[in-house]
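See below for work11.txt, which holds compact mmCIF, C-alpha atoms.
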# COMPACT_ATOMS: atom_id res chain seq x y z
CA MET A 876 -23.11 -37.69 4.62
CA PRO A 877 -26.01 -40.15 5.08
CA GLU A 878 -25.41 -39.97 8.79
CA ASP A 879 -25.69 -36.20 8.60
CA VAL A 880 -28.90 -36.49 6.66
CA SER A 881 -30.24 -39.02 9.15
CA ALA A 882 -29.30 -36.86 12.09
CA MET A 883 -30.82 -33.78 10.53
CA SER A 884 -33.95 -35.67 9.54
CA ALA A 885 -34.30 -36.91 13.10
CA GLU A 886 -33.84 -33.41 14.47
CA LEU A 887 -36.45 -32.06 12.09
CA ALA A 888 -38.88 -34.84 12.98
CA GLY A 889 -38.43 -34.01 16.67
CA ASN A 890 -38.77 -30.30 16.10
CA PRO A 891 -40.62 -29.43 12.87
CA ASP A 892 -39.92 -25.72 13.48
CA SER A 893 -36.16 -26.28 13.40
CA LEU A 894 -34.22 -24.36 10.76
CA VAL A 895 -32.12 -27.46 10.15
CA PHE A 896 -34.36 -28.06 7.14
CA LEU A 897 -32.25 -25.50 5.27
CA GLN A 898 -29.11 -27.63 5.63
CA LEU A 899 -30.99 -30.88 5.11
CA GLY A 900 -32.66 -29.66 1.92
CA GLU A 901 -29.37 -28.38 0.53
CA LYS A 902 -27.58 -31.63 1.35
CA LEU A 903 -30.29 -33.63 -0.38
CA ARG A 904 -30.18 -31.27 -3.36
CA LEU A 905 -26.42 -31.57 -3.70
CA ALA A 906 -26.74 -35.37 -3.40
CA GLY A 907 -29.18 -35.34 -6.32
CA GLN A 908 -32.14 -36.44 -4.20
CA LEU A 909 -34.28 -33.69 -5.62
CA ASP A 910 -37.72 -35.12 -4.77
CA ALA A 911 -36.75 -35.52 -1.13
CA ALA A 912 -35.12 -32.07 -1.15
CA ALA A 913 -38.29 -30.55 -2.60
CA ARG A 914 -40.44 -32.14 0.11
CA VAL A 915 -38.18 -30.71 2.81
CA ALA A 916 -38.15 -27.29 1.14
CA THR A 917 -41.90 -27.02 0.58
CA ALA A 918 -42.54 -27.99 4.19
CA GLY A 919 -40.01 -25.37 5.24
CA VAL A 920 -41.67 -22.67 3.14
CA GLU A 921 -45.04 -23.53 4.66
CA ARG A 922 -43.72 -23.44 8.22
CA HIS A 923 -41.58 -20.35 7.68
CA PRO A 924 -43.49 -18.21 5.17
CA VAL A 925 -41.45 -15.06 5.82
CA LEU A 926 -38.04 -16.74 5.74
CA ALA A 927 -36.32 -15.73 2.51
CA GLU A 928 -33.76 -18.55 2.85
CA ALA A 929 -36.55 -21.14 2.67
CA ARG A 930 -37.73 -19.78 -0.67
CA ASP A 931 -34.15 -19.57 -1.90
CA LEU A 932 -33.64 -23.24 -1.09
CA TYR A 933 -36.81 -24.29 -2.87
CA ALA A 934 -35.94 -22.08 -5.86
CA ARG A 935 -32.53 -23.75 -6.21
CA ILE A 936 -34.17 -27.16 -6.26
CA LEU A 937 -36.69 -26.03 -8.87
CA ALA A 938 -33.89 -24.57 -10.98
CA ASP A 939 -32.10 -27.92 -10.80
CA VAL A 940 -35.13 -29.70 -12.24
CA GLY A 941 -35.59 -27.09 -14.95
CA ARG A 942 -38.63 -25.28 -13.51
CA LEU A 943 -36.98 -21.93 -14.12
CA ARG A 944 -40.12 -19.78 -14.10
CA ASP A 945 -41.17 -21.16 -10.73
CA ALA A 946 -37.63 -20.69 -9.43
CA GLN A 947 -37.65 -17.11 -10.66
CA ALA A 948 -40.97 -16.42 -8.88
CA LEU A 949 -39.62 -17.84 -5.63
CA TRP A 950 -36.38 -15.90 -5.80
CA THR A 951 -38.33 -12.74 -6.54
CA GLU A 952 -40.50 -13.41 -3.48
CA ALA A 953 -37.36 -14.04 -1.42
CA LEU A 954 -36.04 -10.62 -2.41
CA VAL A 955 -39.31 -9.00 -1.36
CA LEU A 956 -38.87 -10.62 2.05
CA ASP A 957 -35.16 -9.80 2.23
CA PRO A 958 -33.67 -7.50 -0.44
CA ARG A 959 -30.16 -8.53 0.65
CA ASN A 960 -30.73 -12.25 0.23
CA LEU A 961 -27.56 -13.43 -1.47
CA GLY A 962 -28.92 -16.70 -2.86
CA ALA A 963 -31.85 -14.98 -4.51
CA ARG A 964 -29.60 -12.34 -6.09
CA LYS A 965 -27.25 -14.99 -7.43
CA GLY A 966 -30.13 -17.14 -8.62
CA LEU A 967 -31.83 -14.31 -10.48
CA GLY A 968 -28.49 -13.31 -11.93
CA TYR A 969 -28.04 -16.83 -13.23
CA LEU A 970 -31.54 -16.95 -14.72
CA SER A 971 -31.14 -13.53 -16.34
CA PHE A 972 -27.85 -14.62 -17.89
CA ARG A 973 -29.46 -17.79 -19.24
CA ALA A 974 -32.26 -15.70 -20.72
CA GLY A 975 -29.76 -13.44 -22.45
CA ASP A 976 -30.65 -10.42 -20.32
CA TRP A 977 -27.06 -9.64 -19.41
CA ASP A 978 -27.79 -6.18 -18.05
CA ALA A 979 -30.21 -7.67 -15.51
CA ALA A 980 -27.69 -10.41 -14.71
CA LEU A 981 -25.03 -7.79 -14.03
CA ASP A 982 -27.45 -5.80 -11.86
CA HIS A 983 -28.29 -8.84 -9.72
CA LEU A 984 -24.70 -10.00 -9.40
CA GLU A 985 -23.43 -6.52 -8.59
CA SER A 986 -26.09 -6.27 -5.88
CA ALA A 987 -24.97 -9.66 -4.60
CA LEU A 988 -21.37 -8.49 -4.56
CA ALA A 989 -22.40 -5.45 -2.54
CA VAL A 990 -23.89 -7.83 0.05
CA ASP A 991 -20.82 -10.06 0.17
CA PRO A 992 -17.73 -8.62 -1.54
CA SER A 993 -15.70 -11.68 -0.50
CA ASP A 994 -17.84 -14.18 -2.46
CA ARG A 995 -15.49 -15.27 -5.20
CA SER A 996 -18.21 -17.15 -7.07
CA ILE A 997 -19.91 -13.80 -7.72
CA VAL A 998 -16.70 -12.18 -8.85
CA GLY A 999 -16.14 -15.16 -11.13
CA ALA A 1000 -19.67 -14.96 -12.56
CA LEU A 1001 -19.35 -11.22 -13.13
CA SER A 1002 -16.06 -11.80 -14.83
CA SER A 1003 -17.59 -14.46 -17.10
CA ILE A 1004 -20.45 -12.20 -18.15
CA ARG A 1005 -18.12 -9.36 -18.84
CA THR A 1006 -15.91 -11.65 -20.88
CA ALA A 1007 -18.94 -12.64 -22.92
CA PHE A 1008 -19.81 -9.00 -23.40
CA ALA A 1009 -16.29 -8.31 -24.56
CA GLU A 1010 -16.34 -11.13 -27.09
CA LEU A 1011 -19.47 -9.74 -28.68
CA GLU A 1012 -18.21 -6.22 -28.84
CA ILE A 1013 -15.73 -6.79 -31.62
CA GLN A 1014 -15.82 -3.26 -32.83
CA ALA A 1015 -15.14 -1.90 -29.39
CA ALA A 1016 -12.28 -4.34 -28.99
CA ARG A 1017 -10.75 -3.04 -32.19
CA LEU A 1018 -10.77 0.43 -30.75
CA GLU A 1019 -9.28 -0.57 -27.41
CA ALA A 1020 -5.65 -0.35 -28.37
CA ALA A 1021 -6.15 3.15 -29.67
CA VAL A 1022 -7.01 4.63 -26.28
CA PHE A 1023 -3.49 4.87 -24.97
CA SER A 1024 -1.73 4.76 -28.31
CA GLY A 1025 1.80 6.10 -28.06
CA LEU A 1026 1.96 6.03 -24.27
CA GLU A 1027 4.50 3.96 -22.39
CA GLY A 1028 2.91 0.69 -21.24
CA ALA A 1029 -0.15 1.05 -23.50
CA GLU A 1030 0.07 -2.56 -24.60
CA ALA A 1031 -0.32 -4.30 -21.25
CA LYS A 1032 -0.14 -1.91 -18.30
CA MET A 1033 -3.04 0.50 -18.71
CA LEU A 1034 -6.74 -0.21 -18.48
CA LEU A 1035 -9.75 2.03 -18.97
CA ALA A 1036 -13.05 0.75 -17.56
CA ASP A 1037 -16.48 2.19 -17.02
CA ASP A 1038 -17.95 2.70 -13.56
CA ARG A 1039 -19.67 -0.69 -13.76
CA GLY A 1040 -16.39 -2.49 -14.29
CA LEU A 1041 -16.67 -3.07 -18.04
CA VAL A 1042 -13.47 -2.74 -20.03
CA LEU A 1043 -13.46 0.25 -22.36
CA GLY A 1044 -9.90 0.10 -23.59
CA GLY A 1045 -6.33 -0.77 -22.86
CA ARG A 1046 -5.13 -4.01 -21.38
CA ILE A 1047 -3.60 -5.38 -18.19
CA ALA A 1048 -1.45 -8.48 -18.47
CA ASP A 1049 0.35 -10.30 -15.67
CA ARG A 1050 4.08 -11.00 -15.76
CA HIS A 1051 3.43 -14.17 -17.75
CA GLY A 1052 1.66 -12.13 -20.42
CA GLN A 1053 -1.78 -13.47 -19.55
CA ASP A 1054 -4.59 -10.97 -20.10
CA ARG A 1055 -6.11 -9.98 -16.73
CA SER A 1056 -8.22 -7.07 -17.97
CA GLN A 1057 -11.64 -8.56 -17.24
CA GLN A 1058 -10.72 -9.74 -13.75
CA VAL A 1059 -9.13 -6.43 -12.85
CA SER A 1060 -11.97 -4.30 -14.20
CA ALA A 1061 -14.45 -6.35 -12.16
CA HIS A 1062 -12.62 -5.25 -9.01
CA LEU A 1063 -11.96 -1.72 -10.20
CA ALA A 1064 -15.56 -0.57 -9.92
CA GLY A 1065 -15.65 -1.84 -6.35
CA ILE A 1066 -12.55 0.12 -5.43
CA ALA A 1067 -14.03 3.30 -6.85
CA GLN A 1068 -17.27 2.75 -4.95
CA GLU A 1069 -15.35 2.23 -1.71
CA ALA A 1070 -13.22 5.31 -2.33
CA GLU A 1071 -16.28 7.43 -3.04
CA ARG A 1072 -18.04 6.10 0.06
CA ALA A 1073 -15.03 6.72 2.31
CA CYS A 1074 -14.57 10.27 1.05
CA ARG A 1075 -18.26 11.06 1.41
CA ILE A 1076 -18.62 9.72 4.94
CA LEU A 1077 -15.31 11.18 6.15
CA ASN A 1078 -15.93 14.54 4.44
CA LEU A 1079 -12.73 14.31 2.41
CA GLY A 1080 -14.27 15.78 -0.75
CA SER A 1081 -13.92 13.99 -4.08
CA TRP A 1082 -11.29 11.30 -4.39
CA GLN A 1083 -8.54 12.10 -6.86
CA TRP A 1084 -6.46 8.94 -7.04
CA ILE A 1085 -5.44 5.82 -5.21
CA ALA A 1086 -1.82 4.74 -5.24
CA GLY A 1087 -0.65 1.40 -4.02
CA GLU A 1088 2.66 -0.38 -3.69
CA ALA A 1089 2.55 -4.14 -3.81
CA THR A 1090 5.03 -6.99 -3.70
CA GLU A 1091 5.24 -7.33 -7.49
CA GLY A 1092 4.54 -3.79 -8.66
CA ASN A 1093 2.90 -0.43 -8.15
CA ILE A 1094 -0.71 0.45 -8.94
CA HIS A 1095 -2.42 3.75 -9.59
CA VAL A 1096 -6.18 4.27 -9.97
CA THR A 1097 -7.84 7.49 -11.04
CA GLN A 1098 -11.03 8.76 -12.65
CA PRO A 1099 -10.47 10.43 -16.04
CA THR A 1100 -14.18 11.27 -16.17
CA GLU A 1101 -17.11 10.90 -13.83
CA ARG A 1102 -18.05 7.53 -15.29
CA SER A 1103 -14.69 6.02 -16.16
CA LEU A 1104 -11.79 4.55 -14.25
CA LEU A 1105 -8.16 4.28 -15.21
CA LEU A 1106 -5.74 1.73 -13.81
CA LEU A 1107 -2.00 1.71 -14.28
CA VAL A 1108 0.34 -1.05 -13.23
CA ARG A 1109 4.09 -0.64 -13.24
CA ASP A 1110 7.00 -2.49 -11.74
CA SER A 1111 8.26 -1.44 -8.34
CA SER A 1112 11.12 0.61 -9.74
CA ILE A 1113 8.76 3.36 -10.91
CA PRO A 1114 8.40 5.90 -8.08
CA SER A 1115 4.93 6.92 -6.99
CA GLY A 1116 5.49 10.52 -8.09
CA ARG A 1117 6.21 9.36 -11.63
CA MET A 1118 3.15 7.15 -11.50
CA VAL A 1119 1.04 10.25 -10.87
CA TRP A 1120 2.60 11.95 -13.87
CA ILE A 1121 2.07 8.94 -16.15
CA ALA A 1122 -1.50 8.66 -14.92
CA GLU A 1123 -2.21 12.29 -15.72
CA ARG A 1124 -1.05 11.79 -19.30
CA ALA A 1125 -3.03 8.57 -19.65
CA ALA A 1126 -6.13 10.23 -18.17
CA ALA A 1127 -5.87 13.07 -20.67
CA ALA A 1128 -5.62 10.52 -23.51
CA ALA A 1129 -8.60 8.65 -22.12
CA ARG A 1130 -10.72 11.80 -21.90
CA LYS A 1131 -9.89 12.68 -25.50
CA TRP A 1132 -10.70 9.13 -26.65
CA LEU A 1133 -14.00 9.09 -24.75
CA GLU A 1134 -15.01 12.40 -26.28
CA GLU A 1135 -14.28 11.01 -29.74
CA GLN A 1136 -16.35 7.92 -29.04
CA ALA A 1137 -19.26 10.07 -27.86
CA ARG A 1138 -19.44 11.96 -31.15
CA MET B 1178 -3.04 -3.65 22.94
CA THR B 1179 0.07 -2.63 24.82
CA ALA B 1180 1.19 0.87 25.70
CA LYS B 1181 3.97 0.41 23.15
CA PHE B 1182 1.48 0.49 20.28
CA GLN B 1183 -0.36 3.40 21.84
CA ASP B 1184 2.89 5.37 21.95
CA LEU B 1185 3.63 4.53 18.33
CA LEU B 1186 0.14 5.53 17.20
CA ASP B 1187 0.50 8.77 19.14
CA ARG B 1188 3.72 9.41 17.21
CA VAL B 1189 1.88 8.89 13.93
CA THR B 1190 -0.80 11.35 15.00
CA ARG B 1191 1.86 13.91 15.89
CA VAL B 1192 2.95 14.08 12.24
CA ARG B 1193 1.75 17.43 10.96
CA ASP B 1194 -1.72 17.32 9.33
CA VAL B 1195 -2.48 13.83 10.62
CA SER B 1196 -5.73 13.67 12.57
CA GLY B 1197 -5.90 10.01 13.46
CA ALA B 1198 -4.03 6.72 13.47
CA PHE B 1199 -5.51 3.28 13.97
CA ILE B 1200 -4.74 -0.39 14.08
CA VAL B 1201 -7.68 -2.09 12.42
CA SER B 1202 -8.76 -5.67 11.90
CA ALA B 1203 -8.80 -6.20 8.11
CA GLU B 1204 -11.41 -8.90 8.36
CA ASP B 1205 -14.16 -6.94 10.11
CA GLY B 1206 -12.95 -3.34 10.11
CA LEU B 1207 -13.00 -3.06 13.89
CA VAL B 1208 -10.57 -0.82 15.77
CA VAL B 1209 -7.85 -2.67 17.68
CA ALA B 1210 -6.06 0.46 18.90
CA ASP B 1211 -6.32 4.12 18.07
CA SER B 1212 -5.09 7.64 18.60
CA PHE B 1213 -7.12 10.42 17.07
CA MET B 1214 -8.18 14.00 17.49
CA GLU B 1215 -11.59 15.22 18.49
CA GLY B 1216 -14.01 15.25 15.58
CA VAL B 1217 -12.52 12.24 13.82
CA ARG B 1218 -15.01 9.39 13.39
CA GLY B 1219 -12.71 6.60 14.47
CA ASN B 1220 -15.02 3.66 13.86
CA ALA B 1221 -15.99 4.95 10.42
CA VAL B 1222 -12.37 5.49 9.41
CA ALA B 1223 -11.50 1.97 10.52
CA ALA B 1224 -14.38 0.28 8.73
CA LEU B 1225 -14.00 2.25 5.51
CA ALA B 1226 -10.24 1.85 5.36
CA ALA B 1227 -10.49 -1.90 5.92
CA SER B 1228 -13.11 -2.24 3.22
CA LEU B 1229 -11.13 -0.18 0.72
CA PHE B 1230 -7.93 -2.05 1.51
CA THR B 1231 -9.64 -5.43 1.02
CA ARG B 1232 -11.01 -4.37 -2.36
CA PHE B 1233 -7.65 -3.00 -3.39
CA ARG B 1234 -5.93 -6.23 -2.32
CA ASP B 1235 -8.25 -8.22 -4.60
CA ALA B 1236 -7.57 -5.94 -7.56
CA SER B 1237 -3.85 -5.95 -6.93
CA GLY B 1238 -3.80 -9.73 -6.87
CA ALA B 1239 -5.89 -9.95 -10.04
CA SER B 1240 -3.58 -7.56 -11.87
CA GLY B 1241 -0.51 -9.60 -11.01
CA ALA B 1242 0.94 -6.80 -8.87
CA GLY B 1243 0.87 -9.01 -5.79
CA VAL B 1244 0.06 -8.22 -2.19
CA PRO B 1245 -0.30 -4.52 -1.27
CA LYS B 1246 2.29 -3.08 1.10
CA PHE B 1247 1.06 0.50 1.05
CA LEU B 1248 -2.15 2.25 0.01
CA HIS B 1249 -2.74 5.98 -0.35
CA LEU B 1250 -6.15 7.44 -1.18
CA GLN B 1251 -5.82 11.11 -2.10
CA ALA B 1252 -8.92 13.29 -1.97
CA ASP B 1253 -9.60 17.00 -2.38
CA HIS B 1254 -9.69 17.67 1.36
CA GLY B 1255 -7.83 14.77 2.87
CA ALA B 1256 -5.98 11.50 2.55
CA LEU B 1257 -6.39 7.99 3.85
CA VAL B 1258 -3.26 5.87 4.13
CA ALA B 1259 -3.03 2.19 5.02
CA MET B 1260 -0.29 -0.38 5.53
CA PRO B 1261 -0.81 -4.06 6.34
CA GLY B 1262 0.67 -5.47 9.51
CA ALA B 1263 0.93 -8.96 10.92
CA ASP B 1264 -2.09 -11.09 11.89
CA ASP B 1265 -4.39 -9.51 9.30
CA VAL B 1266 -4.40 -6.05 10.82
CA ILE B 1267 -3.97 -2.77 8.97
CA VAL B 1268 -2.31 0.37 10.22
CA VAL B 1269 -4.43 3.30 9.03
CA ALA B 1270 -3.99 7.06 9.14
CA VAL B 1271 -6.32 9.87 8.13
CA ALA B 1272 -4.84 13.26 7.33
CA ASP B 1273 -5.31 16.57 5.59
CA ALA B 1274 -4.68 16.67 1.84
CA GLY B 1275 -1.28 18.30 2.18
CA VAL B 1276 0.23 15.80 4.60
CA ASN B 1277 3.85 14.78 4.13
CA VAL B 1278 3.12 11.23 3.07
CA GLY B 1279 6.76 10.20 3.20
CA LEU B 1280 7.05 11.16 6.85
CA LEU B 1281 3.70 9.64 7.67
CA ARG B 1282 4.74 6.42 6.02
CA LEU B 1283 7.92 6.21 8.12
CA GLU B 1284 5.95 6.53 11.34
CA MET B 1285 3.38 3.99 10.19
CA GLN B 1286 6.20 1.63 9.29
CA ARG B 1287 7.40 1.80 12.88
CA VAL B 1288 4.02 0.56 14.03
CA VAL B 1289 4.14 -2.29 11.53
CA GLU B 1290 7.68 -3.24 12.52
CA ALA B 1291 6.74 -3.19 16.18
CA GLY B 1292 4.79 -6.35 15.49
CA THR B 1293 1.19 -5.46 14.76
Take the structure from the file and write it as structure tokens.
Amino acid sequence: MPEDVSAMSAELAGNPDSLVFLQLGEKLRLAGQLDAAARVATAGVERHPVLAEARDLYARILADVGRLRDAQALWTEALVLDPRNLGARKGLGYLSFRAGDWDAALDHLESALAVDPSDRSIVGALSSIRTAFAELEIQAARLEAAVFSGLEGAEAKMLLADDRGLVLGGRIADRHGQDRSQQVSAHLAGIAQEAERACRILNLGSWQWIAGEATEGNIHVTQPTERSLLLLVRDSSIPSGRMVWIAERAAAAARKWLEEQAR
Amino acid sequence: MTAKFQDLLDRVTRVRDVSGAFIVSAEDGLVVADSFMEGVRGNAVAALAASLFTRFRDASGASGAGVPKFLHLQADHGALVAMPGADDVIVVAVADAGVNVGLLRLEMQRVVEAGT
């Protein structure tokens, strides 16, 4: 790594306008050389005042040294320059979470996920926040099991989530019995958004359900209400037609439960 | 893409109520091969299907259901169906709501088995 830093430093010295400062600053930051990283970043911000990535780099360094307000200001500026800047979204999400503003954290991370749906660190962060939410909502958790009470698979194969991917009720467990509800619900909202987008752009009308067959089981996703999503998982022996039927019953139970909760 | 795949996609499109069939790169949603009727927005179908399939694959993995082999989005006025092939491509079809999904699936399976 020192050779990399030397080479990048030499390149930057030869060409002060080079964007290599972004890599150099990040390498120094990760190596814990925060003063040197800050010097590189501030010079980069001065030379490239409209480059959002430069402000993102400097903000990360400031966050590392505990200057959270300054980091927040820089990330906010970065978003003004580039509303799709991933680093700034993630950074502001992190700061919001630290400050206890979980709604804002979710907003930033969901925006980040919209920019890069393949970024697993965002999915992981969203999952962590939602887990924290779930732990606090003890009363809601107590009600969860009641949603699909009496239906086949209610204990581990049905999940009701809201349109932001928060678990409302039910539970999904993998074949080892491990609870996967939070992870699944984080993805569920994304699926619904993609389905809605596809139907809108292709003029298919409203989406009704999504059925999938996978190597270890079958999946069915539907919308009991405008703002809720229902997921069923069954083993591969359950035919897709029966999945539709089970889903209709579960959706009816979910609608009834949601109406009761709204009273 | 060889004429063999074109023939197979044409067969998919000949299934009643099917308006388009595509081989799509899952990674970037770009069309590798296609066969569709006038009025179908081929590039949009490819990109949207790839994006939906990728999201669904993540959820399926998270739920413990494994890797998707078949995906069917049913809407009021149409359906989008996708099956993964080799080399990270997806075979995609867009159809009217009343399409015979079983028949469509058989024809799409031929494309997959032909080595996409």
Return the neighbours of chain B among the residues of chain A, cut-off 9 Å, counting only C-alpha atoms, as a PyMOL selection string. chain A and resi 992-993+1047-1050+1054-1056+1058-1063+1065-1070+1072-1074+1076-1094+1108-1110
Could you name the residues that touch Ile1121 in chain A at 9 Å or less, counting all atoms listed in the file, but leaving out those on the same chain fewer than 5 positions away, as a PyMOL selection string? chain A and resi 1026-1027+1107+1116+1126
Taking 2 positions as the minimum chain separation for residues in the same chain, which residues sit within 12 Å of Asp1187 in chain B when counting all atoms listed in the file? Answer as a PyMOL selection string. chain B and resi 1180-1185+1189-1193+1195-1200+1210-1214+1270+1281+1284-1285+1287-1288
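Here CA of Phe1008 in chain A and CA of Met1033 in chain A stand 19.8 Å from one another.
The residue that comes closest to Val1209 in chain B, out of B:Leu1283, B:Val1289, B:Val1266, B:Val1278 and on the basis of only C-alpha atoms, is B:Val1266.
Here CA of Ala963 in chain A and CA of Val990 in chain A stand 11.6 Å from one another.
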Residues at most 8 Å from range 914-918 of chain A, counting only C-alpha atoms, excluding those fewer than 2 positions away in the same chain, as number ranges by chain? A: 896-897, 899-900, 910-912, 920-922, 929-930, 932-933
Would you pick out the contacts of Val1119 in chain A at 8 Å or less, using only C-alpha atoms, so that residues sharing its chain but fewer than 4 positions from it are not included, and give the list as a PyMOL selection string? chain A and resi 1095+1115+1123
Would you list the residues near (-1.4, 8.2, -18.7) (no more than 12 Å away, in the coordinates of the file, using only C-alpha atoms) as a PyMOL selection string? chain A and resi 1022-1029+1032-1035+1045+1095-1099+1104-1109+1117-1131
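CA of Leu961 in chain A is positioned 17.9 Å from CA of Pro924 in chain A.
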Please determine an axis-aligned box that encloses all atoms of range 919-932 of chain A listed in the file, with 5 Å added on each side, and express its centre and edge lengths in Å to one decimal as AutoDock Vina command-line options.
--center_x -39.3 --center_y -20.2 --center_z 3.2 --size_x 21.4 --size_y 20.3 --size_z 20.1
Quick one: residues within 10 Å of Ile997 in chain A, all atoms listed in the file, excluding same-chain residues fewer than 2 positions away - as a list in words? Leu961, Arg964, Lys965, Gly968, His983, Leu984, Glu985, Ser986, Ala987, Leu988, Asp991, Pro992, Ser993, Asp994, Arg995, Gly999, Ala1000, Leu1001, Ser1002 and Ser1003 of chain A
